[in-house]
>>> print(open('query_27.txt').read())   # compact mmCIF, C-alpha atoms and all ligand atoms
# COMPACT_ATOMS: atom_id res chain seq x y z
CA ASP L 146 -13.75 14.25 -26.89
CA PHE L 147 -14.51 12.90 -23.46
CA TYR L 148 -12.50 9.77 -24.25
CA ARG L 149 -9.64 11.83 -25.65
CA PHE L 150 -9.64 13.82 -22.42
CA LYS L 151 -9.62 10.61 -20.37
CA ALA L 152 -6.66 9.27 -22.37
CA TRP L 153 -4.85 12.55 -21.87
CA ALA L 154 -5.59 12.49 -18.14
CA LEU L 155 -4.19 8.96 -17.92
CA VAL L 156 -0.93 10.04 -19.52
CA VAL L 157 -0.61 13.10 -17.32
CA MET L 158 -1.41 11.18 -14.15
CA SER L 159 0.97 8.28 -14.75
CA GLY L 160 2.90 6.55 -11.98
CA GLU L 161 6.19 7.62 -13.55
CA ARG L 162 5.20 11.30 -13.21
CA THR L 163 4.01 10.78 -9.66
CA ILE L 164 7.39 9.27 -8.75
CA GLU L 165 9.09 12.33 -10.22
CA ALA L 166 6.78 14.70 -8.36
CA HIS L 167 7.69 13.09 -5.01
CA ALA L 168 11.40 12.50 -5.69
CA PRO L 169 13.88 13.38 -2.91
CA ARG L 170 14.78 17.09 -2.98
CA ASP L 171 18.28 18.53 -2.77
CA SER L 172 17.65 20.74 0.20
CA PRO L 173 17.00 18.97 3.51
CA CYS L 174 14.36 21.56 4.51
CA GLU L 175 12.36 20.65 1.42
CA GLN L 176 12.35 16.94 2.31
CA SER L 177 9.10 15.58 3.56
CA LYS L 178 9.16 14.07 7.03
CA LEU L 179 7.54 10.94 5.66
CA ARG L 180 9.78 8.72 3.50
CA PHE L 181 8.22 5.99 1.42
CA TYR L 182 10.43 3.11 0.21
CA CYS L 183 8.89 1.71 -2.92
CA SER L 184 9.61 -0.29 -6.07
CA TRP L 185 7.62 0.94 -9.07
CA PHE L 186 6.54 -2.59 -10.09
CA CYS L 187 5.53 -3.93 -6.67
CA PRO L 188 1.79 -4.46 -6.16
CA CYS L 189 2.19 -4.65 -2.37
CA ALA L 190 3.95 -1.30 -2.36
CA GLN L 191 1.33 0.10 -4.74
CA ARG L 192 -1.32 -0.47 -2.06
CA THR L 193 0.51 1.93 0.27
CA TRP L 194 1.46 4.28 -2.56
CA VAL L 195 -2.19 4.80 -3.55
CA CYS L 196 -3.09 5.58 0.09
CA LEU L 197 -0.24 8.12 0.22
CA GLU L 198 -1.45 9.76 -3.00
CA TYR L 199 -5.00 9.82 -1.66
CA LEU L 200 -3.92 11.53 1.55
CA SER L 201 -1.55 13.85 -0.30
CA ASP L 202 -4.35 14.90 -2.70
CA ALA L 203 -6.56 15.62 0.30
CA GLY L 204 -3.81 17.88 1.71
CA LEU L 205 -3.45 15.64 4.78
CA LEU L 206 0.23 14.77 4.34
CA ASP L 207 3.24 15.01 2.08
CA TYR L 208 5.74 12.26 1.37
CA THR L 209 9.04 11.60 -0.40
CA TYR L 210 9.24 8.61 -2.73
CA ILE L 211 12.53 6.70 -2.34
CA PRO L 212 12.99 4.24 -5.22
CA ILE L 213 14.31 0.80 -4.26
CA ASN L 214 15.31 -2.02 -6.58
CA PRO L 215 15.60 -5.13 -4.40
CA TYR L 216 16.63 -7.25 -7.41
CA VAL L 217 19.87 -7.84 -9.28
CA PRO L 218 19.90 -6.00 -12.63
CA GLY L 219 20.09 -8.39 -15.58
CA GLU L 220 21.86 -8.08 -18.93
CA ASN L 221 21.31 -4.69 -20.58
CA ASN L 222 19.83 -3.52 -17.30
CA GLN L 223 16.80 -5.81 -17.73
CA ASP L 224 14.60 -6.38 -14.67
CA THR L 225 15.07 -9.71 -12.91
CA LYS L 226 13.37 -11.37 -9.96
CA THR L 227 16.67 -12.46 -8.40
CA PRO L 228 16.89 -10.63 -5.10
CA LEU L 229 20.00 -8.92 -3.82
CA SER L 230 21.21 -10.56 -0.61
CA LEU L 231 20.21 -8.82 2.57
CA ALA L 232 23.82 -7.66 3.04
CA GLU L 233 23.82 -6.17 -0.48
CA LYS L 234 20.52 -4.43 0.19
CA ALA L 235 21.84 -3.05 3.50
CA GLU L 236 24.92 -1.74 1.73
CA LYS L 237 22.98 -0.12 -1.12
CA TYR L 238 19.98 1.12 0.90
CA PRO L 239 20.90 1.28 4.62
CA ASP L 240 17.93 3.48 5.61
CA PHE L 241 15.52 1.21 3.79
CA VAL L 242 16.79 -1.96 5.49
CA ALA L 243 16.65 -0.16 8.84
CA ALA L 244 12.95 0.41 8.13
CA SER L 245 12.35 -3.06 6.66
CA PRO L 246 14.67 -5.68 8.20
CA ARG L 247 13.80 -8.37 5.63
CA GLY L 248 14.55 -5.91 2.84
CA LEU L 249 11.01 -5.97 1.43
CA VAL L 250 9.06 -3.05 0.02
CA PRO L 251 6.95 -1.21 1.02
CA ALA L 252 8.27 0.56 4.11
CA LEU L 253 7.80 3.97 5.70
CA ALA L 254 10.07 6.10 7.87
CA ASP L 255 8.10 8.84 9.56
CA ARG L 256 9.80 11.72 11.35
CA SER L 257 6.66 13.80 11.75
CA GLY L 258 6.38 13.09 15.47
CA GLY L 259 9.90 14.11 16.48
CA GLY L 260 11.75 10.75 16.51
CA GLU L 261 11.60 8.28 13.68
CA ASN L 262 8.89 5.63 13.37
CA VAL L 263 9.57 2.84 10.92
CA VAL L 264 6.80 0.67 9.51
CA ASN L 265 6.86 -2.15 6.96
CA ASP L 266 4.49 -4.63 5.30
CA SER L 267 1.84 -3.25 2.96
CA LEU L 268 -1.18 -3.75 5.20
CA VAL L 269 0.57 -2.42 8.28
CA CYS L 270 1.79 0.64 6.31
CA CYS L 271 -1.74 1.28 5.01
CA GLU L 272 -3.25 0.98 8.48
CA TYR L 273 -0.53 3.25 9.88
CA LEU L 274 -1.49 5.93 7.33
CA ALA L 275 -5.19 5.45 8.10
CA ASP L 276 -4.41 5.88 11.80
CA LEU L 277 -2.34 9.02 11.11
CA CYS L 278 -5.30 10.54 9.24
CA PRO L 279 -8.50 9.06 10.70
CA GLN L 280 -10.54 11.86 9.10
CA SER L 281 -9.62 10.43 5.67
CA GLY L 282 -11.99 7.48 6.03
CA LEU L 283 -9.28 5.11 4.71
CA MET L 284 -10.46 2.88 7.52
CA PRO L 285 -14.20 3.28 8.08
CA PRO L 286 -15.22 4.40 11.58
CA SER L 287 -17.52 1.55 12.61
CA PRO L 288 -16.02 -1.63 14.10
CA VAL L 289 -18.07 -3.87 11.85
CA ASP L 290 -17.03 -2.05 8.66
CA ARG L 291 -13.42 -2.17 9.78
CA ALA L 292 -13.78 -5.91 10.30
CA LYS L 293 -15.26 -6.24 6.78
CA VAL L 294 -12.25 -4.46 5.31
CA ARG L 295 -9.84 -6.71 7.23
CA MET L 296 -11.73 -9.91 6.36
CA PHE L 297 -11.66 -8.97 2.68
CA TRP L 298 -7.97 -8.22 2.92
CA GLU L 299 -7.35 -11.62 4.53
CA HIS L 300 -9.38 -13.40 1.87
CA CYS L 301 -7.46 -11.77 -0.97
CA ALA L 302 -4.09 -12.43 0.71
CA SER L 303 -4.73 -16.13 1.29
CA GLN L 304 -7.18 -17.19 -1.43
CA VAL L 305 -6.52 -14.97 -4.43
CA ILE L 306 -3.03 -13.47 -4.63
CA PRO L 307 -0.99 -16.70 -4.15
CA HIS L 308 -2.83 -18.29 -7.08
CA PHE L 309 -2.01 -15.30 -9.27
CA TYR L 310 1.70 -16.06 -8.74
CA LYS L 311 1.20 -19.82 -9.02
CA MET L 312 -0.43 -19.40 -12.41
CA LEU L 313 2.62 -17.45 -13.50
CA MET L 314 5.31 -19.56 -11.88
CA PHE L 315 4.04 -23.14 -11.88
CA LYS L 316 5.04 -25.49 -14.66
CA SER L 317 2.37 -25.98 -17.32
CA ASP L 318 0.91 -29.22 -15.85
CA GLN L 319 0.06 -27.45 -12.56
CA ARG L 320 -1.25 -24.23 -14.03
CA GLU L 321 -4.80 -25.42 -14.66
CA GLN L 322 -5.24 -26.14 -10.94
CA ALA L 323 -3.82 -22.71 -10.08
CA LYS L 324 -6.26 -21.14 -12.54
CA GLN L 325 -9.23 -22.95 -10.97
CA ASP L 326 -8.07 -21.87 -7.50
CA LEU L 327 -7.67 -18.27 -8.68
CA LEU L 328 -11.15 -18.28 -10.18
CA ALA L 329 -12.61 -19.77 -6.99
CA GLY L 330 -10.90 -17.07 -4.88
CA LEU L 331 -12.12 -14.32 -7.20
CA SER L 332 -15.65 -15.70 -7.26
CA PHE L 333 -15.73 -15.65 -3.46
CA ALA L 334 -14.29 -12.11 -3.50
CA ASN L 335 -17.10 -11.12 -5.86
CA ALA L 336 -19.70 -12.56 -3.49
CA LYS L 337 -18.14 -10.86 -0.47
CA MET L 338 -18.05 -7.48 -2.20
CA GLN L 339 -21.63 -7.94 -3.37
CA ALA L 340 -22.71 -8.67 0.21
CA VAL L 341 -20.89 -5.61 1.59
CA SER L 342 -22.04 -3.13 -1.07
CA PRO L 343 -24.80 -4.46 -3.34
CA GLN L 344 -25.43 -0.88 -4.51
CA GLY L 345 -22.12 -0.95 -6.41
CA GLY L 346 -19.07 1.32 -6.51
CA MET L 347 -15.99 0.86 -4.33
CA PHE L 348 -15.62 -1.98 -1.83
CA LEU L 349 -17.67 -0.09 0.78
CA GLY L 350 -20.03 1.24 -1.87
CA GLY L 351 -20.33 4.45 -3.90
CA ASN L 352 -17.18 6.55 -4.12
CA ARG L 353 -16.00 5.68 -0.62
CA PHE L 354 -12.39 4.72 -1.21
CA SER L 355 -10.95 2.66 1.64
CA LEU L 356 -8.26 0.10 2.43
CA GLY L 357 -10.78 -2.50 1.24
CA ASP L 358 -10.10 -1.33 -2.32
CA MET L 359 -6.37 -1.82 -1.89
CA ALA L 360 -6.66 -5.49 -0.88
CA LEU L 361 -6.91 -6.54 -4.53
CA GLY L 362 -6.67 -3.37 -6.68
CA PRO L 363 -3.02 -3.74 -7.80
CA TRP L 364 -3.56 -7.39 -8.82
CA MET L 365 -6.79 -6.58 -10.61
CA GLN L 366 -4.66 -4.28 -12.79
CA ARG L 367 -2.08 -7.07 -13.33
CA ILE L 368 -4.57 -9.81 -14.21
CA PRO L 369 -5.14 -8.59 -17.79
CA ILE L 370 -1.66 -7.09 -18.27
CA VAL L 371 0.44 -9.93 -16.88
CA LEU L 372 -1.72 -13.07 -16.72
CA GLY L 373 -3.36 -12.04 -19.99
CA ALA L 374 -0.02 -11.66 -21.76
CA TYR L 375 1.84 -14.68 -20.34
CA ARG L 376 -1.00 -17.15 -19.67
CA GLY L 377 -3.83 -16.00 -21.94
CA PHE L 378 -6.03 -15.55 -18.86
CA GLU L 379 -9.10 -13.35 -18.84
CA LEU L 380 -11.54 -12.83 -15.98
CA PRO L 381 -14.82 -14.20 -17.40
CA LYS L 382 -17.48 -11.57 -18.09
CA THR L 383 -20.14 -13.64 -16.34
CA GLU L 384 -22.53 -12.91 -13.49
CA GLU L 385 -20.18 -14.74 -11.12
CA PHE L 386 -17.64 -11.91 -11.50
CA GLU L 387 -19.97 -9.01 -12.29
CA ARG L 388 -19.48 -7.09 -9.05
CA LEU L 389 -15.69 -7.32 -9.43
CA HIS L 390 -15.81 -5.97 -13.00
CA GLN L 391 -18.10 -3.19 -11.90
CA TRP L 392 -15.81 -2.33 -8.97
CA TRP L 393 -12.77 -2.30 -11.26
CA GLU L 394 -14.43 0.18 -13.64
CA VAL L 395 -14.83 2.57 -10.70
CA LEU L 396 -11.38 2.00 -9.21
CA ARG L 397 -9.35 2.20 -12.42
CA VAL L 398 -10.39 5.81 -13.02
CA PHE L 399 -10.14 6.87 -9.38
CA PRO L 400 -7.55 9.71 -9.37
CA ALA L 401 -5.28 8.47 -6.55
CA PHE L 402 -5.19 5.01 -8.13
CA GLN L 403 -4.57 6.33 -11.64
CA LYS L 404 -1.64 8.33 -10.37
CA CYS L 405 0.07 5.10 -9.31
CA LEU L 406 -0.37 3.18 -12.58
CA VAL L 407 2.91 2.66 -14.40
CA ASP L 408 3.39 1.99 -18.09
CA GLU L 409 1.73 -1.33 -19.00
CA ASP L 410 4.46 -2.64 -21.34
CA ARG L 411 7.11 -1.89 -18.79
CA LEU L 412 5.06 -3.71 -16.16
CA LYS L 413 4.53 -6.70 -18.41
CA ARG L 414 8.27 -6.97 -19.12
CA ASN L 415 9.03 -6.73 -15.42
CA TYR L 416 7.08 -9.95 -14.80
CA ALA L 417 9.06 -12.02 -17.31
CA GLY L 418 11.17 -13.49 -14.48
CA TYR L 419 8.06 -14.97 -12.89
CA ALA L 420 6.66 -16.27 -16.15
CA ASP L 421 9.92 -17.95 -17.25
CA GLY L 422 10.45 -19.60 -13.86
CA SER L 423 13.72 -17.83 -13.02
CA ALA L 424 12.37 -15.91 -9.99
CA THR L 425 13.90 -16.62 -6.58
CA SER L 426 12.39 -13.61 -4.81
CA GLU L 427 10.45 -13.55 -1.54
CA VAL L 428 7.21 -13.59 -3.50
CA ALA L 429 8.32 -16.83 -5.18
CA ARG L 430 9.36 -18.30 -1.84
CA ASP L 431 6.52 -17.12 0.38
CA TRP L 432 3.57 -17.39 -1.96
CA VAL L 433 4.53 -20.20 -4.29
CA GLY L 434 7.02 -22.21 -2.21
CA ILE L 435 9.75 -21.92 -4.87
CA GLY L 436 13.30 -20.81 -4.11
CA ASN L 437 15.91 -21.08 -1.42
CA LYS L 438 15.81 -20.72 2.34
CA LYS L 439 14.68 -17.60 4.08
CA PRO L 440 17.28 -14.91 4.77
CA THR L 441 18.05 -13.94 8.32
CA PRO L 442 16.44 -10.60 9.12
CA ALA L 443 18.87 -7.74 9.49
CA GLY L 444 17.90 -7.26 13.15
CA PRO L 445 15.14 -5.40 14.92
CA ALA L 446 13.97 -2.19 13.31
CA THR L 447 14.65 0.92 15.34
CA THR L 448 11.45 2.44 16.63
CA ASN L 449 10.85 4.78 19.45
N1 LIG Y 1 3.87 -9.28 2.78
C1 LIG Y 1 4.68 -8.22 2.23
C2 LIG Y 1 5.31 -8.66 0.93
C3 LIG Y 1 6.22 -7.63 0.32
C4 LIG Y 1 7.06 -8.18 -0.83
O1 LIG Y 1 7.21 -9.39 -0.99
N2 LIG Y 1 7.63 -7.27 -1.64
C5 LIG Y 1 8.48 -7.68 -2.73
C6 LIG Y 1 8.26 -6.88 -3.99
S1 LIG Y 1 6.65 -7.17 -4.70
C7 LIG Y 1 9.94 -7.47 -2.35
O2 LIG Y 1 10.27 -6.53 -1.66
N3 LIG Y 1 10.81 -8.36 -2.81
C8 LIG Y 1 12.22 -8.30 -2.54
C9 LIG Y 1 12.85 -9.66 -2.39
O3 LIG Y 1 12.25 -10.66 -2.78
O4 LIG Y 1 13.98 -9.71 -1.88
C10 LIG Y 1 3.79 -6.99 2.04
O5 LIG Y 1 2.58 -7.14 1.86
O6 LIG Y 1 4.29 -5.87 2.11
>>> encode(input="query_27.txt", output="structure tokens", more="lines below")
Ligand SMILES: N[C@@H](CCC(=O)N[C@@H](CS)C(=O)NCC(=O)O)C(=O)O
Amino acid sequence: DFYRFKAWALVVMSGERTIEAHAPRDSPCEQSKLRFYCSWFCPCAQRTWVCLEYLSDAGLLDYTYIPINPYVPGENNQDTKTPLSLAEKAEKYPDFVAASPRGLVPALADRSGGGENVVNDSLVCCEYLADLCPQSGLMPPSPVDRAKVRMFWEHCASQVIPHFYKMLMFKSDQREQAKQDLLAGLSFANAKMQAVSPQGGMFLGGNRFSLGDMALGPWMQRIPIVLGAYRGFELPKTEEFERLHQWWEVLRVFPAFQKCLVDEDRLKRNYAGYADGSATSEVARDWVGIGNKKPTPAGPATTN
């Protein structure tokens, strides 16, 4: 019965329902002062989304979810990884591009302080939210713990996540190297987490959710769903990765995280453009070095 309840809770708390619950309202007075520009499939945006859900659950803020599709729809409305040009994005989503001049999700536009503050890039958005609500503990109070969170974030960004995309996007003769690099990055992440919180639980230990958990959480979800499906990859169940597995078991049932998990089949299909080598998105360009030249940013974001 417990497992049936858990399955039920997962359905009820799906990402799709969360998007609906925070959809823009008709009446301007019902709109939240904090607008979140997000794409349902984007792991970077999911980092910020989970923080928003965490703060919203704690009654610390409210937000409106503005859905963005930065990619060109394919045949039969299939998802692609071919980005709209910046001009097309600016035409379709002017407020979003004003908040994120390179047209990348996530971004925030916050009117809670009177004027409008715009923030983009997943880490910067997460830190902005942590700074808005310091009592939330999203960023721990001590300088050394904050440094640990940031060092873990840096490790994941440079040594883990690029190899996830390389394994998907590289041609078959280069994939083995990408896999070894991914495993090395994850092994180091395991050791780092073990050193920070040997007692287990979240990155900082126990049930203390923090930005440290969002460094890798969205990709940990995608490793079995996406790399498993397209590349037959599985994170070995060995001692080398034990702390990561243990952390994942805690995170995957954490309410704010669960509320931002979208349907797995839909997610898997969304990644087809990476797996078949057709992607020309920023992720392909920045993290794998595939694709055309960088677009010119739309100009400085307006901040006050
Ligand atoms: N470093 C950025 C990366 C954001 C990013 O690349 N987002 C992707 C979606 S996962 C995007 O907006 N792509 C649109 C495009 O390629 O034009 C962050 O962490 O926020």
>>> residues_near_ligand(input="query_27.txt", ligand="ligand LIG 1 (chain Y)", cutoff="7 Å", atoms="only C-alpha atoms and all ligand atoms", output="PyMOL selection string")
chain L and resi 187-190+215-216+228-229+248-251+265-268+426-428
>>> residues_around(input="query_27.txt", residues="region 218-223 of chain L", least_positions_apart="3", cutoff="9 Å", atoms="all atoms listed in the file", output="PyMOL selection string")
chain L and resi 214+226-227+414-415
>>> write_last_selection(input="query_27.txt", atoms="C-alpha atoms", output="CSV table (one decimal), in the frame of the given file")
chain,number,residue,atom,x,y,z
L,214,ASN,CA,15.3,-2.0,-6.6
L,226,LYS,CA,13.4,-11.4,-10.0
L,227,THR,CA,16.7,-12.5,-8.4
L,414,ARG,CA,8.3,-7.0,-19.1
L,415,ASN,CA,9.0,-6.7,-15.4
>>> atom_distance(input="query_27.txt", atom1="CA of Val341 (chain L)", atom2="CA of Met296 (chain L)")
11.2 Å
>>> closest_residue(input="query_27.txt", among="L:Tyr419, L:Trp298, L:Tyr210, L:Phe181", to="Arg376 (chain L)", atoms="all atoms listed in the file")
L:Tyr419
>>> closest_residue(input="query_27.txt", among="L:Val217, L:Val289, L:Leu205, L:Leu231", to="Ala424 (chain L)", atoms="all atoms listed in the file")
L:Val217
>>> residues_near_point(input="query_27.txt", point="(1.5, 5.8, 1.8)", cutoff="10 Å", atoms="only C-alpha atoms", output="ChimeraX atom specification")
/L:179-183,190-201,206-210,251-253,267,270-275
>>> residues_around(input="query_27.txt", residues="region 354-369 of chain L", least_positions_apart="2", cutoff="6 Å", atoms="all atoms listed in the file", output="compact mmCIF listing (two decimals) with C-alpha atoms, in the coordinates of the input")
# COMPACT_ATOMS: atom_id res chain seq x y z
CA PRO L 188 1.79 -4.46 -6.16
CA ARG L 192 -1.32 -0.47 -2.06
CA LEU L 283 -9.28 5.11 4.71
CA MET L 284 -10.46 2.88 7.52
CA VAL L 294 -12.25 -4.46 5.31
CA TRP L 298 -7.97 -8.22 2.92
CA PHE L 348 -15.62 -1.98 -1.83
CA ASN L 352 -17.18 6.55 -4.12
CA VAL L 371 0.44 -9.93 -16.88
CA LEU L 372 -1.72 -13.07 -16.72
CA GLY L 373 -3.36 -12.04 -19.99
>>> residues_around(input="query_27.txt", residues="region 390-397 of chain L", least_positions_apart="3", cutoff="7 Å", atoms="all atoms listed in the file", output="PDB file with C-alpha atoms, keeping the file's coordinate frame")
ATOM      1  CA  GLY L 345     -22.120  -0.950  -6.410  1.00  0.00           C
ATOM      2  CA  GLY L 346     -19.070   1.320  -6.510  1.00  0.00           C
ATOM      3  CA  MET L 347     -15.990   0.860  -4.330  1.00  0.00           C
ATOM      4  CA  PHE L 386     -17.640 -11.910 -11.500  1.00  0.00           C
ATOM      5  CA  GLU L 387     -19.970  -9.010 -12.290  1.00  0.00           C
ATOM      6  CA  PHE L 402      -5.190   5.010  -8.130  1.00  0.00           C
ATOM      7  CA  GLN L 403      -4.570   6.330 -11.640  1.00  0.00           C
TER       8      GLN L 403
END
>>> atom_distance(input="query_27.txt", atom1="CA of Ser172 (chain L)", atom2="CA of Tyr238 (chain L)")
19.8 Å
>>> atom_distance(input="query_27.txt", atom1="CA of Met312 (chain L)", atom2="CA of Ala417 (chain L)")
13.0 Å
>>> closest_residue(input="query_27.txt", among="L:Arg256, L:Glu236, L:Leu380, L:Pro212", to="Gln176 (chain L)", atoms="all atoms listed in the file")
L:Arg256
>>> closest_residue(input="query_27.txt", among="L:Arg247, L:Arg353, L:Lys237, L:His308", to="Pro285 (chain L)", atoms="all atoms listed in the file")
L:Arg353
>>> closest_atom_pairs(input="query_27.txt", of="region 374-406 of chain L", to="region 323-330 of chain L", cutoff="12 Å", atoms="all atoms listed in the file", output="tab-separated table")
residue	atom	partner	partner_atom	distance
L:Arg376	CA	L:Lys324	CA	9.7
L:Gly377	CA	L:Lys324	CA	11.0
L:Phe378	CA	L:Lys324	CA	8.4
L:Glu379	CA	L:Leu328	CA	10.2
L:Leu380	CA	L:Leu328	CA	8.0
L:Pro381	CA	L:Leu328	CA	9.1
L:Thr383	CA	L:Leu328	CA	11.8
L:Glu385	CA	L:Leu328	CA	9.7
L:Phe386	CA	L:Leu328	CA	9.2
L:Leu389	CA	L:Gly330	CA	11.8
>>> residues_around(input="query_27.txt", residues="Gly422 (chain L)", least_positions_apart="4", cutoff="8 Å", atoms="all atoms listed in the file", output="VMD selection string")
chain L and resid 314 to 315 418
>>> build_atoms(input="query_27.txt", residues="region 310-327 of chain L", atoms="N, CA, C and O atoms", output="CSV table (one decimal), in the coordinates of the input")
chain,number,residue,atom,x,y,z
L,310,TYR,N,0.3,-15.7,-8.5
L,310,TYR,CA,1.7,-16.1,-8.7
L,310,TYR,C,1.9,-17.5,-9.2
L,310,TYR,O,2.8,-17.8,-10.0
L,311,LYS,N,1.1,-18.4,-8.6
L,311,LYS,CA,1.2,-19.8,-9.0
L,311,LYS,C,0.9,-20.0,-10.5
L,311,LYS,O,1.6,-20.7,-11.2
L,312,MET,N,-0.1,-19.3,-11.0
L,312,MET,CA,-0.4,-19.4,-12.4
L,312,MET,C,0.7,-18.9,-13.3
L,312,MET,O,1.0,-19.5,-14.3
L,313,LEU,N,1.5,-18.0,-12.7
L,313,LEU,CA,2.6,-17.4,-13.5
L,313,LEU,C,3.8,-18.4,-13.4
L,313,LEU,O,4.5,-18.6,-14.3
L,314,MET,N,4.0,-18.9,-12.2
L,314,MET,CA,5.3,-19.6,-11.9
L,314,MET,C,5.3,-21.1,-12.0
L,314,MET,O,6.3,-21.7,-12.2
L,315,PHE,N,4.1,-21.7,-11.8
L,315,PHE,CA,4.0,-23.1,-11.9
L,315,PHE,C,4.3,-23.6,-13.3
L,315,PHE,O,4.1,-23.0,-14.3
L,316,LYS,N,4.8,-24.9,-13.3
L,316,LYS,CA,5.0,-25.5,-14.7
L,316,LYS,C,3.7,-25.8,-15.3
L,316,LYS,O,2.7,-25.9,-14.6
L,317,SER,N,3.7,-26.0,-16.6
L,317,SER,CA,2.4,-26.0,-17.3
L,317,SER,C,1.4,-27.0,-16.8
L,317,SER,O,0.2,-26.8,-16.7
L,318,ASP,N,1.9,-28.2,-16.3
L,318,ASP,CA,0.9,-29.2,-15.8
L,318,ASP,C,0.2,-28.8,-14.5
L,318,ASP,O,-0.8,-29.4,-14.2
L,319,GLN,N,0.7,-27.8,-13.8
L,319,GLN,CA,0.1,-27.4,-12.6
L,319,GLN,C,-0.7,-26.2,-12.7
L,319,GLN,O,-1.4,-25.7,-11.8
L,320,ARG,N,-0.6,-25.6,-13.9
L,320,ARG,CA,-1.2,-24.2,-14.0
L,320,ARG,C,-2.8,-24.3,-14.1
L,320,ARG,O,-3.4,-23.3,-13.6
L,321,GLU,N,-3.3,-25.3,-14.6
L,321,GLU,CA,-4.8,-25.4,-14.7
L,321,GLU,C,-5.4,-25.4,-13.2
L,321,GLU,O,-6.4,-24.7,-13.0
L,322,GLN,N,-4.8,-26.1,-12.3
L,322,GLN,CA,-5.2,-26.1,-10.9
L,322,GLN,C,-5.1,-24.7,-10.3
L,322,GLN,O,-6.1,-24.3,-9.7
L,323,ALA,N,-4.0,-24.1,-10.6
L,323,ALA,CA,-3.8,-22.7,-10.1
L,323,ALA,C,-4.9,-21.8,-10.6
L,323,ALA,O,-5.4,-20.9,-9.9
L,324,LYS,N,-5.2,-22.0,-11.9
L,324,LYS,CA,-6.3,-21.1,-12.5
L,324,LYS,C,-7.6,-21.4,-11.9
L,324,LYS,O,-8.4,-20.4,-11.6
L,325,GLN,N,-8.0,-22.6,-11.6
L,325,GLN,CA,-9.2,-23.0,-11.0
L,325,GLN,C,-9.3,-22.3,-9.6
L,325,GLN,O,-10.3,-21.8,-9.1
L,326,ASP,N,-8.1,-22.4,-8.9
L,326,ASP,CA,-8.1,-21.9,-7.5
L,326,ASP,C,-8.2,-20.3,-7.5
L,326,ASP,O,-8.9,-19.7,-6.7
L,327,LEU,N,-7.6,-19.7,-8.5
L,327,LEU,CA,-7.7,-18.3,-8.7
L,327,LEU,C,-9.1,-17.9,-8.9
L,327,LEU,O,-9.7,-16.9,-8.3
